[in-house]
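What follows is the content of my_file-v5.txt (compact mmCIF, C-alpha atoms).
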# COMPACT_ATOMS: atom_id res chain seq x y z
CA MET K 1 5.95 -11.26 27.06
CA THR K 2 4.61 -7.79 26.24
CA ALA K 3 4.93 -5.67 23.13
CA ALA K 4 7.34 -3.41 25.00
CA SER K 5 9.76 -6.16 26.02
CA PRO K 6 13.38 -5.57 24.94
CA SER K 7 13.49 -8.75 22.87
CA THR K 8 10.29 -7.89 20.94
CA ALA K 9 11.42 -4.35 20.19
CA LEU K 10 14.88 -5.51 19.17
CA ALA K 11 13.45 -8.30 16.99
CA ALA K 12 11.28 -5.79 15.13
CA THR K 13 14.22 -3.43 14.61
CA LEU K 14 16.46 -6.21 13.35
CA ALA K 15 13.75 -7.56 11.05
CA ARG K 16 13.50 -4.16 9.34
CA ARG K 17 17.23 -4.42 8.67
CA GLY K 18 17.04 -7.99 7.45
CA VAL K 19 18.74 -9.52 10.50
CA HIS K 20 17.25 -12.59 12.20
CA TYR K 21 16.82 -12.48 16.00
CA GLY K 22 18.40 -15.91 16.20
CA TRP K 23 21.78 -14.20 16.00
CA VAL K 24 20.96 -12.23 19.18
CA VAL K 25 20.02 -15.45 20.98
CA ALA K 26 23.22 -17.03 19.70
CA ALA K 27 25.25 -14.06 21.00
CA VAL K 28 23.69 -14.30 24.49
CA THR K 29 24.27 -18.05 24.46
CA PHE K 30 27.88 -17.43 23.41
CA LEU K 31 28.37 -15.14 26.43
CA THR K 32 26.67 -17.61 28.78
CA MET K 33 28.78 -20.56 27.66
CA LEU K 34 31.98 -18.47 27.76
CA VAL K 35 31.45 -17.27 31.33
CA THR K 36 30.25 -20.61 32.73
CA ALA K 37 33.14 -22.35 30.99
CA GLY K 38 35.44 -19.95 32.79
CA ALA K 39 33.82 -21.13 36.03
CA VAL K 40 34.53 -24.75 35.02
CA GLY K 41 38.16 -23.99 34.21
CA ALA K 42 38.89 -21.83 37.26
CA PRO K 43 39.84 -24.73 39.58
CA GLY K 44 42.76 -25.59 37.28
CA VAL K 45 44.41 -22.34 38.43
CA LEU K 46 43.56 -22.97 42.07
CA ILE K 47 45.01 -26.44 42.68
CA LEU K 48 48.38 -25.10 43.84
CA PRO K 49 46.96 -22.32 46.09
CA LEU K 50 44.63 -24.83 47.76
CA GLN K 51 47.55 -27.17 48.38
CA ARG K 52 49.53 -24.35 50.00
CA GLU K 53 46.66 -23.07 52.17
CA PHE K 54 45.02 -26.31 53.30
CA GLY K 55 47.70 -28.96 52.76
CA TRP K 56 45.45 -31.09 50.51
CA ASP K 57 47.30 -33.36 48.08
CA THR K 58 46.79 -33.39 44.29
CA ALA K 59 44.75 -36.62 44.26
CA THR K 60 42.32 -35.28 46.90
CA ILE K 61 41.68 -32.05 45.02
CA SER K 62 41.49 -33.94 41.71
CA ALA K 63 38.82 -36.25 43.15
CA ALA K 64 36.59 -33.25 43.95
CA LEU K 65 37.19 -31.81 40.48
CA ALA K 66 36.42 -35.20 38.93
CA ILE K 67 33.01 -35.14 40.64
CA ARG K 68 32.43 -31.71 39.09
CA LEU K 69 33.25 -33.08 35.63
CA VAL K 70 31.05 -36.16 36.07
CA LEU K 71 28.04 -34.04 37.08
CA PHE K 72 28.89 -31.54 34.34
CA GLY K 73 28.36 -34.39 31.88
CA LEU K 74 25.55 -36.32 33.56
CA MET K 75 23.37 -33.20 33.63
CA GLY K 76 23.54 -32.99 29.82
CA PRO K 77 20.59 -35.18 28.81
CA PHE K 78 18.45 -33.97 31.73
CA ALA K 79 19.36 -30.37 30.90
CA ALA K 80 18.02 -31.05 27.40
CA VAL K 81 14.73 -32.35 28.87
CA LEU K 82 14.44 -29.34 31.18
CA MET K 83 15.14 -26.94 28.31
CA ASN K 84 12.57 -28.68 26.11
CA ARG K 85 9.99 -28.50 28.88
CA TYR K 86 10.65 -25.13 30.59
CA GLY K 87 12.74 -23.30 28.00
CA PRO K 88 16.48 -22.53 27.92
CA ARG K 89 15.98 -19.05 29.42
CA ARG K 90 14.63 -20.25 32.79
CA ILE K 91 17.11 -23.10 33.03
CA VAL K 92 20.08 -20.86 32.26
CA LEU K 93 19.04 -18.31 34.88
CA CYS K 94 18.71 -21.06 37.52
CA ALA K 95 22.09 -22.47 36.52
CA LEU K 96 23.87 -19.12 36.79
CA LEU K 97 22.37 -18.60 40.27
CA LEU K 98 23.53 -22.06 41.38
CA ILE K 99 27.11 -21.58 40.09
CA ALA K 100 27.46 -18.12 41.64
CA GLY K 101 26.02 -19.36 44.94
CA GLY K 102 28.42 -22.32 45.09
CA MET K 103 31.42 -20.10 44.39
CA LEU K 104 30.43 -17.43 46.89
CA LEU K 105 29.92 -20.00 49.65
CA SER K 106 33.29 -21.59 48.85
CA LEU K 107 35.05 -18.37 49.89
CA GLY K 108 34.71 -19.58 53.48
CA MET K 109 35.44 -23.29 53.00
CA SER K 110 38.11 -25.06 55.07
CA GLN K 111 37.27 -28.78 54.74
CA VAL K 112 37.52 -31.23 51.83
CA TRP K 113 33.80 -32.10 52.05
CA GLN K 114 33.00 -28.44 51.47
CA LEU K 115 35.19 -28.44 48.37
CA VAL K 116 33.35 -31.52 47.10
CA LEU K 117 29.91 -30.07 47.84
CA LEU K 118 30.50 -26.57 46.45
CA TRP K 119 32.99 -27.03 43.59
CA GLY K 120 32.09 -30.63 42.88
CA VAL K 121 28.30 -30.76 43.21
CA ALA K 122 26.98 -27.16 42.99
CA VAL K 123 29.33 -25.97 40.25
CA GLY K 124 29.14 -29.33 38.47
CA VAL K 125 25.34 -29.32 38.28
CA GLY K 126 25.11 -25.61 37.41
CA THR K 127 27.67 -25.70 34.62
CA GLY K 128 26.20 -28.97 33.35
CA LEU K 129 22.92 -27.13 32.71
CA THR K 130 24.72 -24.60 30.48
CA ALA K 131 27.22 -26.88 28.75
CA LEU K 132 27.41 -27.89 25.09
CA VAL K 133 23.81 -29.14 25.18
CA LEU K 134 22.69 -25.51 25.47
CA GLY K 135 24.58 -24.65 22.30
CA ALA K 136 23.15 -27.67 20.47
CA THR K 137 19.62 -26.71 21.60
CA VAL K 138 19.92 -23.11 20.43
CA ALA K 139 21.52 -24.10 17.12
CA THR K 140 18.91 -26.73 16.25
CA ARG K 141 15.93 -24.57 17.31
CA TRP K 142 16.91 -21.22 15.84
CA PHE K 143 18.94 -22.23 12.76
CA THR K 144 18.36 -24.47 9.78
CA ALA K 145 20.90 -22.75 7.52
CA ARG K 146 24.37 -22.12 9.02
CA ARG K 147 23.72 -24.60 11.81
CA GLY K 148 27.21 -26.08 11.70
CA LEU K 149 28.75 -22.60 11.82
CA VAL K 150 26.60 -21.64 14.82
CA VAL K 151 27.53 -24.85 16.65
CA GLY K 152 31.17 -24.04 15.94
CA LEU K 153 30.85 -20.50 17.32
CA LEU K 154 29.02 -21.61 20.48
CA THR K 155 31.39 -24.51 21.06
CA ALA K 156 34.35 -22.18 20.63
CA SER K 157 32.94 -19.94 23.35
CA SER K 158 32.89 -22.88 25.76
CA ALA K 159 36.49 -23.92 25.26
CA THR K 160 37.77 -20.36 24.87
CA GLY K 161 36.07 -19.34 28.12
CA GLN K 162 37.86 -22.15 29.92
CA LEU K 163 41.24 -20.98 28.65
CA VAL K 164 41.26 -17.23 27.99
CA VAL K 165 40.12 -16.21 31.50
CA LEU K 166 42.80 -18.35 33.15
CA PRO K 167 45.66 -15.79 32.87
CA VAL K 168 43.45 -13.17 34.54
CA LEU K 169 42.48 -15.59 37.30
CA ALA K 170 46.10 -16.68 37.71
CA ALA K 171 47.25 -13.05 38.06
CA LEU K 172 44.55 -12.27 40.62
CA THR K 173 45.44 -15.41 42.56
CA GLU K 174 49.14 -14.53 42.50
CA HIS K 175 48.64 -10.98 43.83
CA TRP K 176 45.42 -11.09 45.91
CA GLY K 177 44.69 -14.77 46.52
CA TRP K 178 42.31 -17.35 45.05
CA ARG K 179 39.24 -15.76 46.64
CA ALA K 180 39.70 -12.61 44.54
CA ALA K 181 39.69 -14.76 41.41
CA LEU K 182 36.39 -16.37 42.44
CA LEU K 183 34.81 -12.97 43.10
CA LEU K 184 35.63 -11.94 39.53
CA VAL K 185 33.95 -15.07 38.18
CA CYS K 186 30.86 -14.39 40.31
CA SER K 187 30.63 -10.81 38.97
CA LEU K 188 30.74 -12.08 35.40
CA LEU K 189 27.99 -14.60 36.18
CA VAL K 190 25.71 -11.83 37.47
CA LEU K 191 26.24 -9.67 34.36
CA THR K 192 25.54 -12.67 32.14
CA GLY K 193 22.33 -13.37 34.03
CA LEU K 194 21.08 -9.85 33.25
CA ALA K 195 21.76 -10.34 29.54
CA VAL K 196 19.88 -13.67 29.56
CA LEU K 197 16.93 -12.14 31.42
CA LEU K 198 16.58 -9.24 28.98
CA LEU K 199 17.42 -10.77 25.60
CA MET K 200 17.14 -14.58 25.50
CA ARG K 201 13.98 -16.24 24.18
CA ASP K 202 13.26 -19.96 24.06
CA ARG K 203 12.09 -20.50 20.47
CA PRO K 204 11.69 -18.42 17.29
CA GLU K 205 7.92 -19.03 17.60
CA ASP K 206 7.97 -16.86 20.73
CA LEU K 207 8.61 -13.89 18.45
CA ASP K 208 6.47 -15.15 15.53
CA LEU K 209 9.57 -16.09 13.57
CA ALA K 210 10.66 -19.14 11.62
CA PRO K 211 14.13 -20.61 12.23
CA TYR K 212 16.88 -18.88 10.30
CA GLY K 213 17.04 -20.32 6.78
CA GLU K 214 13.40 -21.45 6.62
CA ALA K 215 11.10 -19.55 4.28
CA ALA K 216 7.86 -20.93 5.72
CA ALA K 217 5.89 -18.84 8.18
CA ALA K 218 6.39 -19.71 11.82
CA GLY K 219 3.85 -22.11 13.27
CA ALA K 220 2.95 -23.12 16.75
CA ALA K 221 5.71 -24.09 19.11
CA LEU K 222 6.50 -27.78 19.26
CA ALA K 223 5.17 -29.66 22.27
CA PRO K 224 7.70 -30.03 25.10
CA VAL K 225 9.29 -33.36 25.73
CA ASP K 226 8.24 -34.98 29.03
CA ALA K 227 10.61 -35.79 31.85
CA GLY K 228 11.02 -39.37 30.65
CA GLY K 229 12.29 -38.16 27.30
CA ALA K 230 15.95 -38.43 28.29
CA ILE K 231 15.68 -42.11 29.23
CA ALA K 232 13.52 -42.90 26.19
CA ALA K 233 16.05 -41.18 23.93
CA LEU K 234 18.86 -43.19 25.51
CA ARG K 235 16.98 -46.48 25.02
CA GLU K 236 16.40 -45.72 21.36
CA ALA K 237 19.90 -44.43 20.69
CA ALA K 238 21.61 -47.28 22.55
CA ARG K 239 20.24 -49.74 19.98
CA THR K 240 22.43 -48.16 17.29
CA ARG K 241 26.13 -48.54 16.61
CA VAL K 242 26.34 -44.84 15.67
CA PHE K 243 25.55 -43.83 19.25
CA TRP K 244 28.19 -46.04 20.82
CA VAL K 245 30.91 -44.96 18.40
CA LEU K 246 30.12 -41.29 19.04
CA PHE K 247 29.88 -41.93 22.79
CA ALA K 248 33.25 -43.72 22.89
CA THR K 249 35.07 -41.14 20.78
CA PHE K 250 33.60 -38.29 22.82
CA PHE K 251 34.71 -40.11 26.00
CA ILE K 252 38.24 -39.92 24.61
CA CYS K 253 37.69 -36.30 23.61
CA GLY K 254 36.87 -35.39 27.22
CA ALA K 255 39.76 -37.38 28.63
CA SER K 256 42.23 -35.60 26.36
CA THR K 257 40.89 -32.05 26.92
CA ASN K 258 38.91 -31.03 30.03
CA GLY K 259 40.16 -33.81 32.25
CA LEU K 260 43.84 -33.65 31.33
CA ILE K 261 44.90 -30.29 29.86
CA GLN K 262 42.34 -28.00 31.49
CA THR K 263 42.80 -29.52 34.96
CA HIS K 264 46.48 -30.47 35.07
CA PHE K 265 48.41 -28.42 32.50
CA ILE K 266 49.33 -25.63 34.94
CA PRO K 267 50.58 -28.06 37.65
CA LEU K 268 52.44 -29.97 34.90
CA CYS K 269 54.20 -26.77 33.85
CA ALA K 270 55.10 -26.09 37.50
CA ASP K 271 56.97 -29.42 37.54
CA TYR K 272 59.23 -27.96 34.84
CA GLY K 273 59.80 -24.60 36.53
CA ILE K 274 57.13 -22.67 34.65
CA SER K 275 55.04 -20.29 36.80
CA PRO K 276 51.23 -20.56 36.99
CA ILE K 277 50.86 -17.24 35.15
CA GLN K 278 53.09 -18.45 32.30
CA GLY K 279 51.26 -21.79 32.17
CA ALA K 280 47.91 -19.99 32.07
CA GLY K 281 49.30 -17.84 29.26
CA VAL K 282 49.97 -20.96 27.19
CA LEU K 283 46.40 -22.10 27.86
CA ALA K 284 45.13 -18.69 26.76
CA ALA K 285 47.05 -19.06 23.50
CA MET K 286 45.39 -22.45 23.04
CA GLY K 287 42.04 -20.74 23.62
CA ALA K 288 42.72 -18.19 20.89
CA PHE K 289 43.67 -20.88 18.39
CA ASP K 290 40.76 -23.02 19.57
CA PHE K 291 38.35 -20.23 18.65
CA ILE K 292 39.74 -20.17 15.12
CA GLY K 293 39.82 -23.95 14.82
CA THR K 294 36.34 -24.59 16.18
CA VAL K 295 34.64 -21.91 14.09
CA ALA K 296 36.47 -23.25 11.04
CA SER K 297 35.34 -26.75 12.02
CA GLY K 298 31.72 -25.58 12.07
CA TRP K 299 32.12 -24.10 8.59
CA LEU K 300 33.79 -27.26 7.31
CA SER K 301 31.16 -29.53 8.89
CA ASP K 302 28.48 -27.86 6.75
CA ARG K 303 30.43 -28.79 3.62
CA TYR K 304 32.50 -31.95 4.08
CA ASP K 305 32.23 -35.51 5.36
CA ASN K 306 32.11 -35.17 9.14
CA ARG K 307 33.78 -38.55 9.67
CA TRP K 308 36.97 -37.44 7.91
CA LEU K 309 37.01 -34.21 9.89
CA LEU K 310 36.88 -36.17 13.14
CA PHE K 311 39.55 -38.57 11.88
CA TRP K 312 41.99 -35.71 11.39
CA TYR K 313 41.04 -33.91 14.60
CA TYR K 314 41.57 -36.93 16.85
CA GLY K 315 44.68 -38.03 14.98
CA LEU K 316 46.42 -34.65 15.21
CA ARG K 317 45.45 -34.24 18.86
CA GLY K 318 46.92 -37.64 19.69
CA ILE K 319 50.20 -36.76 17.96
CA ALA K 320 50.36 -33.41 19.81
CA LEU K 321 49.84 -35.03 23.23
CA MET K 322 52.44 -37.72 22.63
CA CYS K 323 54.98 -35.18 21.41
CA LEU K 324 54.52 -32.71 24.32
CA PRO K 325 56.91 -34.54 26.71
CA PHE K 326 59.66 -34.23 24.06
CA SER K 327 59.26 -30.45 23.77
CA ASP K 328 61.46 -29.93 26.89
CA PHE K 329 58.83 -27.29 27.79
CA THR K 330 60.79 -24.56 26.04
CA LEU K 331 59.10 -21.44 24.69
CA ILE K 332 59.27 -22.76 21.13
CA GLY K 333 58.07 -26.24 22.11
CA LEU K 334 55.12 -24.98 24.14
CA SER K 335 54.21 -22.47 21.43
CA LEU K 336 54.07 -25.20 18.79
CA PHE K 337 51.97 -27.35 21.11
CA ALA K 338 49.60 -24.44 21.81
CA VAL K 339 49.01 -23.94 18.08
CA LEU K 340 48.61 -27.59 17.07
CA TYR K 341 46.59 -28.65 20.11
CA GLY K 342 44.62 -25.41 20.36
CA LEU K 343 43.33 -25.58 16.79
CA ASP K 344 41.53 -28.81 17.56
CA TRP K 345 40.86 -28.46 21.31
CA ILE K 346 37.11 -28.83 20.83
CA ALA K 347 36.77 -28.77 17.05
CA THR K 348 35.27 -32.25 17.40
CA VAL K 349 31.91 -30.86 18.58
CA PRO K 350 30.37 -29.44 15.33
CA PRO K 351 30.86 -32.66 13.32
CA THR K 352 29.67 -34.76 16.27
CA VAL K 353 26.51 -32.64 16.66
CA ARG K 354 25.81 -32.86 12.92
CA LEU K 355 26.30 -36.63 12.87
CA THR K 356 23.91 -36.87 15.84
CA ALA K 357 21.26 -34.65 14.22
CA ALA K 358 21.57 -36.51 10.90
CA ARG K 359 20.99 -39.89 12.56
CA PHE K 360 18.45 -39.03 15.30
CA GLY K 361 16.56 -35.98 13.96
CA ARG K 362 16.22 -32.34 14.93
CA GLU K 363 13.93 -32.64 17.97
CA LYS K 364 15.85 -35.53 19.55
CA ALA K 365 19.30 -34.26 18.65
CA ASN K 366 19.87 -32.34 21.89
CA LEU K 367 18.66 -35.28 24.02
CA VAL K 368 20.90 -37.82 22.29
CA PHE K 369 23.82 -35.40 22.20
CA GLY K 370 23.29 -34.90 25.93
CA TRP K 371 24.04 -38.59 26.50
CA ILE K 372 27.01 -38.47 24.13
CA PHE K 373 28.26 -35.46 26.09
CA CYS K 374 27.95 -37.60 29.23
CA GLY K 375 30.62 -39.81 27.70
CA HIS K 376 32.78 -36.72 27.19
CA GLN K 377 32.61 -35.77 30.85
CA LEU K 378 33.04 -39.31 32.15
CA GLY K 379 36.26 -39.42 30.17
CA ALA K 380 37.20 -36.00 31.57
CA ALA K 381 36.54 -37.13 35.14
CA GLY K 382 38.59 -40.29 34.70
CA ALA K 383 41.52 -38.33 33.29
CA ALA K 384 41.28 -35.61 35.96
CA TYR K 385 41.55 -38.17 38.75
CA GLY K 386 43.93 -40.53 36.92
CA ALA K 387 46.42 -37.81 36.05
CA GLY K 388 46.42 -36.55 39.65
CA LEU K 389 46.98 -40.10 40.89
CA SER K 390 49.81 -40.55 38.38
CA ARG K 391 51.45 -37.39 39.74
CA ASP K 392 51.21 -38.58 43.35
CA VAL K 393 52.19 -42.24 42.80
CA LEU K 394 54.68 -41.99 39.93
CA ALA K 395 55.82 -38.39 40.56
CA SER K 396 55.03 -37.60 36.91
CA TYR K 397 52.11 -36.55 34.73
CA LEU K 398 53.71 -37.95 31.57
CA PRO K 399 52.13 -41.46 31.63
CA ALA K 400 48.72 -39.79 31.55
CA PHE K 401 49.70 -37.74 28.49
CA PHE K 402 51.00 -40.77 26.58
CA THR K 403 47.83 -42.70 27.41
CA ALA K 404 45.57 -39.86 26.25
CA GLY K 405 47.53 -39.55 23.00
CA ALA K 406 47.17 -43.26 22.27
CA LEU K 407 43.43 -43.11 22.96
CA CYS K 408 43.05 -40.24 20.48
CA LEU K 409 44.65 -42.34 17.75
CA PHE K 410 42.18 -45.12 18.57
CA ALA K 411 39.28 -42.64 18.28
CA ALA K 412 40.52 -41.53 14.86
CA ALA K 413 40.33 -45.12 13.64
CA ALA K 414 36.98 -45.84 15.32
CA ILE K 415 35.13 -42.91 13.75
CA MET K 416 35.85 -44.24 10.27
CA THR K 417 33.80 -47.38 11.03
CA LEU K 418 30.63 -45.26 10.66
CA ASP K 419 28.76 -45.07 7.39
CA ARG K 420 28.68 -41.71 5.69
CA ALA K 421 25.70 -39.69 6.95
CA ARG K 422 22.89 -39.23 4.45
CA PRO K 423 21.56 -35.68 3.93
CA ALA K 424 18.50 -34.93 6.03
CA SER K 425 16.16 -31.97 5.84
CA ALA K 426 16.18 -31.61 9.61
CA ARG K 427 19.87 -30.95 9.73
Please go through the file and, once you have read it, give me the structure as structure tokens.
Amino acid sequence: MTAASPSTALAATLARRGVHYGWVVAAVTFLTMLVTAGAVGAPGVLILPLQREFGWDTATISAALAIRLVLFGLMGPFAAVLMNRYGPRRIVLCALLLIAGGMLLSLGMSQVWQLVLLWGVAVGVGTGLTALVLGATVATRWFTARRGLVVGLLTASSATGQLVVLPVLAALTEHWGWRAALLLVCSLLVLTGLAVLLLMRDRPEDLDLAPYGEAAAAGAALAPVDAGGAIAALREAARTRVFWVLFATFFICGASTNGLIQTHFIPLCADYGISPIQGAGVLAAMGAFDFIGTVASGWLSDRYDNRWLLFWYYGLRGIALMCLPFSDFTLIGLSLFAVLYGLDWIATVPPTVRLTAARFGREKANLVFGWIFCGHQLGAAGAAYGAGLSRDVLASYLPAFFTAGALCLFAAAAIMTLDRARPASAR
């Protein structure tokens, strides 16, 4: 890094105005998570076009997408190790290149194994490197004050990116085919990579800063965690009941969001005569309300008992999922569902991150949260495949929605078995 680098010059300018550079890093991370989340959500729009073009059934496509979700989650703890060792900037750039490469190559696919390799493996690994663990890493490194709010903002970008871009992708698919939609996603990935290259830095110490909210002068950067850190963190965390409760509830969180709604909501709407563009519009409305709900959740998690927040989030989500089949999929019914479900789509993340940091400490928080996030994506993968199987075998998605709703009510009860987190200076 030289004195003339864009980040150094911008940091100096912001410092003169009393603005911490951590907010720039958070903004670049926000953009990264939004665009890569759009790449994760894109296949939800493309299930029907792939069926029409290649004759693949729902269960076959869902199996490939389930692999993507499993890898998306399994990369979490190892992404944390790689970020601790090589820095988020390098890892994010590699991830963006991998996602864009997988999507570009998929433009010429014609076989199921190619779908599995490119959308399942390449996109799954790439997006897993830039998932919620990236947000947790940036928030815990760059922020001491406002950490819950920052986690809320970055988490909101992830879910909002999955939902808001879907109407655009659906419209492109409707008029110019699914390949045009993928080209748009690839263009956004390239632009994001340029922003990361120019503006992202790994730690506040790289710019001689302290984390936001700390008055002490910045010291030397903390030593990187070795490659065995992920397994060691899992061994330590697995000895605690806190970890398993958070893992189980986040498993249910993934099953009731990414795996079910993100993957199958548009095909579900098609069963009731609602076009893909209209279904994507409902998802976009959820994304807008999710942004509000998740940012508010971050603000609340800095101030209130995180267990009670999670109790209400899971409980209300379960009620929304179990009531959806009775909405008759009318405009009013879907609008009410979009508001209620959207407000807590991924509002569970800020309190979960704070509970993790409070129990396991600042430097291990991203590693342990990576394993908890694994649970999220295992749940998502199970729901993605299970819902597709339900549609093929029972000719209905509704059993999957009732099951997910019941699991959410179980999660609401389970989270209250935890003791109230004690304040910790590292939070």
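For the choices K:Gly76, K:Gly120, K:Gly38, K:Gly22, the atom-to-atom distance to Val138 of chain K is smallest for K:Gly22 when using all atoms listed in the file.
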Exercise for review: Within 9 Å of Ser396 of chain K, counting all atoms listed in the file, which residues show up once you throw out same-chain ones fewer than 5 positions away? Write them as a ChimeraX atom specification, please.
Suggested key: /K:268,271,387,390-391
Selection near Val92 of chain K, 12 Å with all atoms listed in the file, sequence-local residues under 5 positions removed, as an mmCIF file with C-alpha atoms, keeping the file's coordinate frame:
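Done, and the output landed in around-v6.cif:
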data_model
loop_
_atom_site.group_PDB
_atom_site.id
_atom_site.type_symbol
_atom_site.label_atom_id
_atom_site.label_comp_id
_atom_site.auth_asym_id
_atom_site.auth_seq_id
_atom_site.Cartn_x
_atom_site.Cartn_y
_atom_site.Cartn_z
ATOM 1 C CA VAL K 28 23.690 -14.300 24.490
ATOM 2 C CA THR K 29 24.270 -18.050 24.460
ATOM 3 C CA LEU K 31 28.370 -15.140 26.430
ATOM 4 C CA THR K 32 26.670 -17.610 28.780
ATOM 5 C CA MET K 33 28.780 -20.560 27.660
ATOM 6 C CA VAL K 35 31.450 -17.270 31.330
ATOM 7 C CA THR K 36 30.250 -20.610 32.730
ATOM 8 C CA ALA K 79 19.360 -30.370 30.900
ATOM 9 C CA ALA K 80 18.020 -31.050 27.400
ATOM 10 C CA LEU K 82 14.440 -29.340 31.180
ATOM 11 C CA MET K 83 15.140 -26.940 28.310
ATOM 12 C CA TYR K 86 10.650 -25.130 30.590
ATOM 13 C CA GLY K 87 12.740 -23.300 28.000
ATOM 14 C CA LEU K 97 22.370 -18.600 40.270
ATOM 15 C CA LEU K 98 23.530 -22.060 41.380
ATOM 16 C CA ILE K 99 27.110 -21.580 40.090
ATOM 17 C CA VAL K 125 25.340 -29.320 38.280
ATOM 18 C CA GLY K 126 25.110 -25.610 37.410
ATOM 19 C CA THR K 127 27.670 -25.700 34.620
ATOM 20 C CA GLY K 128 26.200 -28.970 33.350
ATOM 21 C CA LEU K 129 22.920 -27.130 32.710
ATOM 22 C CA THR K 130 24.720 -24.600 30.480
ATOM 23 C CA ALA K 131 27.220 -26.880 28.750
ATOM 24 C CA VAL K 133 23.810 -29.140 25.180
ATOM 25 C CA LEU K 134 22.690 -25.510 25.470
ATOM 26 C CA GLY K 135 24.580 -24.650 22.300
ATOM 27 C CA LEU K 189 27.990 -14.600 36.180
ATOM 28 C CA VAL K 190 25.710 -11.830 37.470
ATOM 29 C CA THR K 192 25.540 -12.670 32.140
ATOM 30 C CA GLY K 193 22.330 -13.370 34.030
ATOM 31 C CA LEU K 194 21.080 -9.850 33.250
ATOM 32 C CA ALA K 195 21.760 -10.340 29.540
ATOM 33 C CA VAL K 196 19.880 -13.670 29.560
ATOM 34 C CA LEU K 197 16.930 -12.140 31.420
ATOM 35 C CA MET K 200 17.140 -14.580 25.500
ATOM 36 C CA ARG K 201 13.980 -16.240 24.180
ATOM 37 C CA ASP K 202 13.260 -19.960 24.060
#
Please provide the set of residues having any atom within 12 Å of Leu50 of chain K, restricted to only C-alpha atoms, with same-chain residues fewer than 2 positions apart removed, written as an mmCIF file with C-alpha atoms, in the coordinates of the input.
data_model
loop_
_atom_site.group_PDB
_atom_site.id
_atom_site.type_symbol
_atom_site.label_atom_id
_atom_site.label_comp_id
_atom_site.auth_asym_id
_atom_site.auth_seq_id
_atom_site.Cartn_x
_atom_site.Cartn_y
_atom_site.Cartn_z
ATOM 1 C CA PRO K 43 39.840 -24.730 39.580
ATOM 2 C CA GLY K 44 42.760 -25.590 37.280
ATOM 3 C CA VAL K 45 44.410 -22.340 38.430
ATOM 4 C CA LEU K 46 43.560 -22.970 42.070
ATOM 5 C CA ILE K 47 45.010 -26.440 42.680
ATOM 6 C CA LEU K 48 48.380 -25.100 43.840
ATOM 7 C CA ARG K 52 49.530 -24.350 50.000
ATOM 8 C CA GLU K 53 46.660 -23.070 52.170
ATOM 9 C CA PHE K 54 45.020 -26.310 53.300
ATOM 10 C CA GLY K 55 47.700 -28.960 52.760
ATOM 11 C CA TRP K 56 45.450 -31.090 50.510
ATOM 12 C CA ASP K 57 47.300 -33.360 48.080
ATOM 13 C CA THR K 58 46.790 -33.390 44.290
ATOM 14 C CA THR K 60 42.320 -35.280 46.900
ATOM 15 C CA ILE K 61 41.680 -32.050 45.020
ATOM 16 C CA SER K 62 41.490 -33.940 41.710
ATOM 17 C CA SER K 106 33.290 -21.590 48.850
ATOM 18 C CA LEU K 107 35.050 -18.370 49.890
ATOM 19 C CA MET K 109 35.440 -23.290 53.000
ATOM 20 C CA SER K 110 38.110 -25.060 55.070
ATOM 21 C CA GLN K 111 37.270 -28.780 54.740
ATOM 22 C CA VAL K 112 37.520 -31.230 51.830
ATOM 23 C CA LEU K 115 35.190 -28.440 48.370
ATOM 24 C CA THR K 173 45.440 -15.410 42.560
ATOM 25 C CA GLY K 177 44.690 -14.770 46.520
ATOM 26 C CA TRP K 178 42.310 -17.350 45.050
ATOM 27 C CA ARG K 179 39.240 -15.760 46.640
#
**Study point:** Distance of atom CA of Leu14 of chain K from atom CA of Thr144 of chain K, expressed in Å to one decimal place
**Key:**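 Value for the atom CA of Thr144 of chain K-atom CA of Leu14 of chain K distance: 18.7 Å.
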Exercise for review: For each of K:Trp119, K:Phe369, K:Phe360, K:Tyr314, take the minimum atom-to-atom distance to Ala136 of chain K, counting all atoms listed in the file, then give the residue where this is smallest.
Suggested key: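 Going through K:Trp119, K:Phe369, K:Phe360, K:Tyr314 one by one, the smallest distance to Ala136 of chain K is for K:Phe369.
Counting only C-alpha atoms, the residue from K:Ala413, K:Val368, K:Leu105, K:Leu378 that sits nearest to Trp308 of chain K is K:Ala413.
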Review point. K:Ala27, K:Ile274, K:Val151, K:Ala170: which is nearest Thr348 of chain K, counting all atoms listed in the file?
Key: K:Val151
Exercise for review: Have a look at K:Cys323, K:Ile266, K:Ala210, K:Val24 and name the one nearest to Pro49 of chain K; count only C-alpha atoms.
Suggested key: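 That would be K:Ile266, the residue with the smallest distance to Pro49 of chain K.
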Practice item. Can you work out which one of K:Gly318, K:Ala381, K:Arg147, K:Leu394 has the shortest atom-to-atom distance to Ser301 of chain K, counting only C-alpha atoms? Key: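 Smallest distance to Ser301 of chain K is found for K:Arg147.
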Show me, as AutoDock Vina command-line options, the centre and edge lengths in Å to one decimal of the axis-aligned box that covers every listed atom of segment 391-401 of chain K with 8 Å on each side.
--center_x 52.3 --center_y -39.4 --center_z 35.9 --size_x 23.1 --size_y 21.7 --size_z 30.9
Exercise for review: May I have the residues within 10 Å of Phe143 of chain K as a PyMOL selection string, using only C-alpha atoms and disregarding those fewer than 4 positions away in the same chain?
Suggested key: chain K and resi 20+22-23+26+137-139+147-151+204+210-214+427
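One finds atom CA of Trp176 of chain K at 23.8 Å from atom CA of Val116 of chain K.
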Practice item. Rounded to one decimal place, report the atom CA of Thr403 of chain K-atom CA of Val339 of chain K distance in Å. Key: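 About the pair atom CA of Thr403 of chain K and atom CA of Val339 of chain K: they are 21.0 Å apart.
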